[in-house]
Amino acid sequence: MAYDIIGDVHGCHEECLALLRKLGYVQKAGWPVHADGRVPVFLGDITDRGPDSVAMIRLVTGLVERALAHYVPGNHCDKLYRYLIGRPVQIKNGLETTVAELSALARDERQRITSAFLHIYEQAPLYLMLAEGELVVAHAGIRASDIGQMNRRVKSFVLYGDTTGETDEKGFPIRRDWAKHYEGHAWIVYGHTPVRKPRWYGKTVNIDTGCVFGGHLTAFRWPEKETVSVPSRQPFFPEKFHAFESNP
């Protein structure tokens, strides 16, 4: 099976459609489908911060419900889920944009969108093991020793990364560079931490190229092991990108 893994969209619906077109998907019965049977895989954080989170929920839930795509959650998905089921969360750091969009919908449509999102979130795996274990898709990454495990510690790592609990001078959570030490057999495709261009290190690749911050929206193609990107239509905020060294 061939896959197109799409990095953090964050409500950038137009860029997502542009990327799917560039990857060769065409509209069939109202949904993007690839003639060669390729399957899009959404890497989490489909909502928040960007201009059209509701449209992204419609797109991803519709594709997943029709078995035309895969989806794994990100930390923003987890927070939106907790908000929608009534748990106390702080409506900030991007969630406020999605809440505003949902609040502007007619009551029946809001209920439909909410139900669809809750369903795919509750059915989604924490991370995906594809290509007979050769490929792992995890929002913020995963340690080699944790592949195949599901527990609270692994969930925290997969959704939020290898955090120290501290923040840097820019206010970013300080994260250990787990990818630099990854020595597993499987390829790990992840996002979560915005970088100016896809960041390759060993058998890992970070494809969150900061679309919502004016960078690019990127997909990783399997089995080709190559990336495809489209430029963002959003304002550029260079301070939002992290500087990691790439593979020497």
# chains A, B, ... in the order shown; residues from 1 in each chain; ligands from 1
$ closest_atom_pairs --of "region 41-114 of chain A" --to "region 216-226 of chain A" --cutoff "12 Å" --atoms "only C-alpha atoms" --output "tab-separated table"
residue	atom	partner	partner_atom	distance
A:Val41	CA	A:Ala219	CA	9.1
A:Phe42	CA	A:Ala219	CA	9.3
A:Leu43	CA	A:Ala219	CA	9.6
A:Ile46	CA	A:Leu217	CA	11.7
$ write_last_selection --atoms "C-alpha atoms" --output "PDB file, in the first residue's frame"
ATOM      1  CA  VAL A  41      -2.835   9.750   6.412  1.00  0.00           C
ATOM      2  CA  PHE A  42      -3.509  12.802   8.583  1.00  0.00           C
ATOM      3  CA  LEU A  43      -0.890  13.274  11.276  1.00  0.00           C
ATOM      4  CA  ILE A  46      -6.155  19.170  11.839  1.00  0.00           C
TER       5      ILE A  46
END
$ residues_around --residues "Ile174 (chain A)" --least-positions-apart "2" --cutoff "6 Å" --atoms "only C-alpha atoms" --output "PDB file with N, CA and C atoms, in the first residue's frame"
ATOM      1  N   THR A 163       8.929  16.110  26.474  1.00  0.00           N
ATOM      2  CA  THR A 163       9.005  17.416  27.133  1.00  0.00           C
ATOM      3  C   THR A 163       9.700  17.317  28.488  1.00  0.00           C
ATOM      4  N   THR A 164      10.320  18.443  28.882  1.00  0.00           N
ATOM      5  CA  THR A 164      10.995  18.507  30.180  1.00  0.00           C
ATOM      6  C   THR A 164      10.120  19.163  31.244  1.00  0.00           C
ATOM      7  N   GLU A 166       9.632  22.422  31.165  1.00  0.00           N
ATOM      8  CA  GLU A 166      10.085  23.804  31.185  1.00  0.00           C
ATOM      9  C   GLU A 166       9.823  24.455  29.837  1.00  0.00           C
ATOM     10  N   THR A 167       9.948  25.794  29.787  1.00  0.00           N
ATOM     11  CA  THR A 167       9.785  26.527  28.532  1.00  0.00           C
ATOM     12  C   THR A 167      11.042  27.324  28.236  1.00  0.00           C
ATOM     13  N   ASP A 168      11.258  27.624  26.937  1.00  0.00           N
ATOM     14  CA  ASP A 168      12.425  28.410  26.554  1.00  0.00           C
ATOM     15  C   ASP A 168      12.081  29.894  26.540  1.00  0.00           C
TER      16      ASP A 168
END
$ closest_residue --among "A:Trp187, A:Tyr3, A:Phe117, A:Tyr160" --to "Val54 (chain A)" --atoms "only C-alpha atoms"
A:Phe117
$ residues_around --residues "Val39 (chain A)" --least-positions-apart "4" --cutoff "8 Å" --atoms "only C-alpha atoms" --output "JSON, numbers by chain"
{"A": [1, 2, 3, 4, 34, 68, 69, 70]}
$ write_last_selection --atoms "N, CA and C atoms" --output "PDB file, in the first residue's frame"
ATOM      1  N   MET A   1       0.844  -1.191   0.000  1.00  0.00           N
ATOM      2  CA  MET A   1       0.000   0.000   0.000  1.00  0.00           C
ATOM      3  C   MET A   1       0.879   1.241   0.000  1.00  0.00           C
ATOM      4  N   ALA A   2       0.463   2.258  -0.740  1.00  0.00           N
ATOM      5  CA  ALA A   2       1.188   3.523  -0.809  1.00  0.00           C
ATOM      6  C   ALA A   2       0.434   4.579  -0.009  1.00  0.00           C
ATOM      7  N   TYR A   3       1.181   5.401   0.727  1.00  0.00           N
ATOM      8  CA  TYR A   3       0.580   6.385   1.622  1.00  0.00           C
ATOM      9  C   TYR A   3       1.134   7.776   1.367  1.00  0.00           C
ATOM     10  N   ASP A   4       0.295   8.768   1.638  1.00  0.00           N
ATOM     11  CA  ASP A   4       0.711  10.158   1.647  1.00  0.00           C
ATOM     12  C   ASP A   4       0.389  10.717   3.028  1.00  0.00           C
ATOM     13  N   HIS A  34      -7.190   9.036  -5.129  1.00  0.00           N
ATOM     14  CA  HIS A  34      -6.031   8.868  -6.005  1.00  0.00           C
ATOM     15  C   HIS A  34      -6.256   7.694  -6.942  1.00  0.00           C
ATOM     16  N   LEU A  68     -11.388   6.114   3.165  1.00  0.00           N
ATOM     17  CA  LEU A  68     -10.538   6.698   2.133  1.00  0.00           C
ATOM     18  C   LEU A  68      -9.275   7.328   2.715  1.00  0.00           C
ATOM     19  N   ALA A  69      -9.146   7.346   4.022  1.00  0.00           N
ATOM     20  CA  ALA A  69      -7.995   7.961   4.675  1.00  0.00           C
ATOM     21  C   ALA A  69      -7.828   7.381   6.067  1.00  0.00           C
ATOM     22  N   HIS A  70      -6.632   7.600   6.633  1.00  0.00           N
ATOM     23  CA  HIS A  70      -6.354   7.272   8.024  1.00  0.00           C
ATOM     24  C   HIS A  70      -6.114   8.568   8.792  1.00  0.00           C
TER      25      HIS A  70
END
$ closest_residue --among "A:Arg233, A:Met150, A:Glu239, A:Glu14" --to "Arg196 (chain A)" --atoms "only C-alpha atoms"
A:Glu239
$ atom_distance --atom1 "CA of Ala35 (chain A)" --atom2 "CA of Gly215 (chain A)"
28.7 Å
$ decode --residues "region 13-44 of chain A" --atoms "N, CA and C atoms" --output "PDB file, in the first residue's frame"
ATOM      1  N   HIS A  13      -7.338  24.710   5.315  1.00  0.00           N
ATOM      2  CA  HIS A  13      -8.084  23.835   4.421  1.00  0.00           C
ATOM      3  C   HIS A  13      -7.694  24.026   2.959  1.00  0.00           C
ATOM      4  N   GLU A  14      -7.541  25.265   2.513  1.00  0.00           N
ATOM      5  CA  GLU A  14      -7.192  25.497   1.113  1.00  0.00           C
ATOM      6  C   GLU A  14      -5.832  24.906   0.768  1.00  0.00           C
ATOM      7  N   GLU A  15      -4.883  25.056   1.674  1.00  0.00           N
ATOM      8  CA  GLU A  15      -3.563  24.475   1.438  1.00  0.00           C
ATOM      9  C   GLU A  15      -3.631  22.945   1.409  1.00  0.00           C
ATOM     10  N   CYS A  16      -4.492  22.375   2.245  1.00  0.00           N
ATOM     11  CA  CYS A  16      -4.642  20.916   2.252  1.00  0.00           C
ATOM     12  C   CYS A  16      -5.174  20.415   0.919  1.00  0.00           C
ATOM     13  N   LEU A  17      -6.185  21.098   0.395  1.00  0.00           N
ATOM     14  CA  LEU A  17      -6.718  20.699  -0.920  1.00  0.00           C
ATOM     15  C   LEU A  17      -5.673  20.878  -1.997  1.00  0.00           C
ATOM     16  N   ALA A  18      -4.886  21.960  -1.916  1.00  0.00           N
ATOM     17  CA  ALA A  18      -3.828  22.189  -2.911  1.00  0.00           C
ATOM     18  C   ALA A  18      -2.775  21.082  -2.843  1.00  0.00           C
ATOM     19  N   LEU A  19      -2.426  20.661  -1.631  1.00  0.00           N
ATOM     20  CA  LEU A  19      -1.440  19.590  -1.483  1.00  0.00           C
ATOM     21  C   LEU A  19      -1.978  18.276  -2.034  1.00  0.00           C
ATOM     22  N   LEU A  20      -3.223  17.972  -1.752  1.00  0.00           N
ATOM     23  CA  LEU A  20      -3.819  16.740  -2.279  1.00  0.00           C
ATOM     24  C   LEU A  20      -3.820  16.759  -3.809  1.00  0.00           C
ATOM     25  N   ARG A  21      -4.133  17.915  -4.398  1.00  0.00           N
ATOM     26  CA  ARG A  21      -4.092  18.011  -5.863  1.00  0.00           C
ATOM     27  C   ARG A  21      -2.675  17.779  -6.373  1.00  0.00           C
ATOM     28  N   LYS A  22      -1.702  18.370  -5.718  1.00  0.00           N
ATOM     29  CA  LYS A  22      -0.306  18.212  -6.148  1.00  0.00           C
ATOM     30  C   LYS A  22       0.141  16.759  -6.035  1.00  0.00           C
ATOM     31  N   LEU A  23      -0.403  16.051  -5.062  1.00  0.00           N
ATOM     32  CA  LEU A  23      -0.078  14.632  -4.869  1.00  0.00           C
ATOM     33  C   LEU A  23      -0.804  13.730  -5.863  1.00  0.00           C
ATOM     34  N   GLY A  24      -1.735  14.297  -6.633  1.00  0.00           N
ATOM     35  CA  GLY A  24      -2.421  13.519  -7.661  1.00  0.00           C
ATOM     36  C   GLY A  24      -3.820  13.080  -7.322  1.00  0.00           C
ATOM     37  N   TYR A  25      -4.397  13.631  -6.251  1.00  0.00           N
ATOM     38  CA  TYR A  25      -5.767  13.276  -5.886  1.00  0.00           C
ATOM     39  C   TYR A  25      -6.746  14.114  -6.707  1.00  0.00           C
ATOM     40  N   VAL A  26      -7.843  13.482  -7.109  1.00  0.00           N
ATOM     41  CA  VAL A  26      -8.890  14.178  -7.848  1.00  0.00           C
ATOM     42  C   VAL A  26     -10.223  13.943  -7.152  1.00  0.00           C
ATOM     43  N   GLN A  27     -11.141  14.863  -7.365  1.00  0.00           N
ATOM     44  CA  GLN A  27     -12.452  14.753  -6.733  1.00  0.00           C
ATOM     45  C   GLN A  27     -13.282  13.654  -7.394  1.00  0.00           C
ATOM     46  N   LYS A  28     -13.788  12.760  -6.577  1.00  0.00           N
ATOM     47  CA  LYS A  28     -14.660  11.685  -7.050  1.00  0.00           C
ATOM     48  C   LYS A  28     -15.810  11.577  -6.069  1.00  0.00           C
ATOM     49  N   ALA A  29     -17.014  11.849  -6.547  1.00  0.00           N
ATOM     50  CA  ALA A  29     -18.206  11.864  -5.683  1.00  0.00           C
ATOM     51  C   ALA A  29     -18.016  12.814  -4.511  1.00  0.00           C
ATOM     52  N   GLY A  30     -17.276  13.897  -4.754  1.00  0.00           N
ATOM     53  CA  GLY A  30     -17.104  14.919  -3.737  1.00  0.00           C
ATOM     54  C   GLY A  30     -15.941  14.728  -2.785  1.00  0.00           C
ATOM     55  N   TRP A  31     -15.115  13.683  -3.012  1.00  0.00           N
ATOM     56  CA  TRP A  31     -14.003  13.397  -2.104  1.00  0.00           C
ATOM     57  C   TRP A  31     -12.718  13.182  -2.896  1.00  0.00           C
ATOM     58  N   PRO A  32     -11.571  13.636  -2.360  1.00  0.00           N
ATOM     59  CA  PRO A  32     -10.308  13.436  -3.075  1.00  0.00           C
ATOM     60  C   PRO A  32      -9.864  11.978  -3.048  1.00  0.00           C
ATOM     61  N   VAL A  33      -9.639  11.436  -4.233  1.00  0.00           N
ATOM     62  CA  VAL A  33      -9.267  10.024  -4.387  1.00  0.00           C
ATOM     63  C   VAL A  33      -8.106   9.947  -5.369  1.00  0.00           C
ATOM     64  N   HIS A  34      -7.190   9.036  -5.129  1.00  0.00           N
ATOM     65  CA  HIS A  34      -6.031   8.868  -6.005  1.00  0.00           C
ATOM     66  C   HIS A  34      -6.256   7.694  -6.942  1.00  0.00           C
ATOM     67  N   ALA A  35      -5.953   7.893  -8.211  1.00  0.00           N
ATOM     68  CA  ALA A  35      -6.180   6.851  -9.218  1.00  0.00           C
ATOM     69  C   ALA A  35      -5.354   5.596  -8.940  1.00  0.00           C
ATOM     70  N   ASP A  36      -4.207   5.752  -8.281  1.00  0.00           N
ATOM     71  CA  ASP A  36      -3.346   4.610  -7.991  1.00  0.00           C
ATOM     72  C   ASP A  36      -3.651   3.967  -6.641  1.00  0.00           C
ATOM     73  N   GLY A  37      -4.720   4.410  -6.000  1.00  0.00           N
ATOM     74  CA  GLY A  37      -5.110   3.799  -4.734  1.00  0.00           C
ATOM     75  C   GLY A  37      -4.298   4.245  -3.537  1.00  0.00           C
ATOM     76  N   ARG A  38      -3.549   5.340  -3.674  1.00  0.00           N
ATOM     77  CA  ARG A  38      -2.798   5.851  -2.531  1.00  0.00           C
ATOM     78  C   ARG A  38      -3.757   6.308  -1.431  1.00  0.00           C
ATOM     79  N   VAL A  39      -3.296   6.243  -0.201  1.00  0.00           N
ATOM     80  CA  VAL A  39      -4.148   6.575   0.942  1.00  0.00           C
ATOM     81  C   VAL A  39      -3.542   7.747   1.715  1.00  0.00           C
ATOM     82  N   PRO A  40      -4.288   8.838   1.893  1.00  0.00           N
ATOM     83  CA  PRO A  40      -3.791   9.922   2.737  1.00  0.00           C
ATOM     84  C   PRO A  40      -3.873   9.542   4.215  1.00  0.00           C
ATOM     85  N   VAL A  41      -2.885   9.997   4.967  1.00  0.00           N
ATOM     86  CA  VAL A  41      -2.835   9.750   6.412  1.00  0.00           C
ATOM     87  C   VAL A  41      -2.639  11.105   7.090  1.00  0.00           C
ATOM     88  N   PHE A  42      -3.591  11.513   7.909  1.00  0.00           N
ATOM     89  CA  PHE A  42      -3.509  12.802   8.583  1.00  0.00           C
ATOM     90  C   PHE A  42      -2.841  12.621   9.946  1.00  0.00           C
ATOM     91  N   LEU A  43      -1.810  13.445  10.162  1.00  0.00           N
ATOM     92  CA  LEU A  43      -0.890  13.274  11.276  1.00  0.00           C
ATOM     93  C   LEU A  43      -1.334  13.976  12.555  1.00  0.00           C
ATOM     94  N   GLY A  44      -2.595  14.350  12.635  1.00  0.00           N
ATOM     95  CA  GLY A  44      -3.085  15.031  13.828  1.00  0.00           C
ATOM     96  C   GLY A  44      -3.024  16.538  13.701  1.00  0.00           C
TER      97      GLY A  44
END
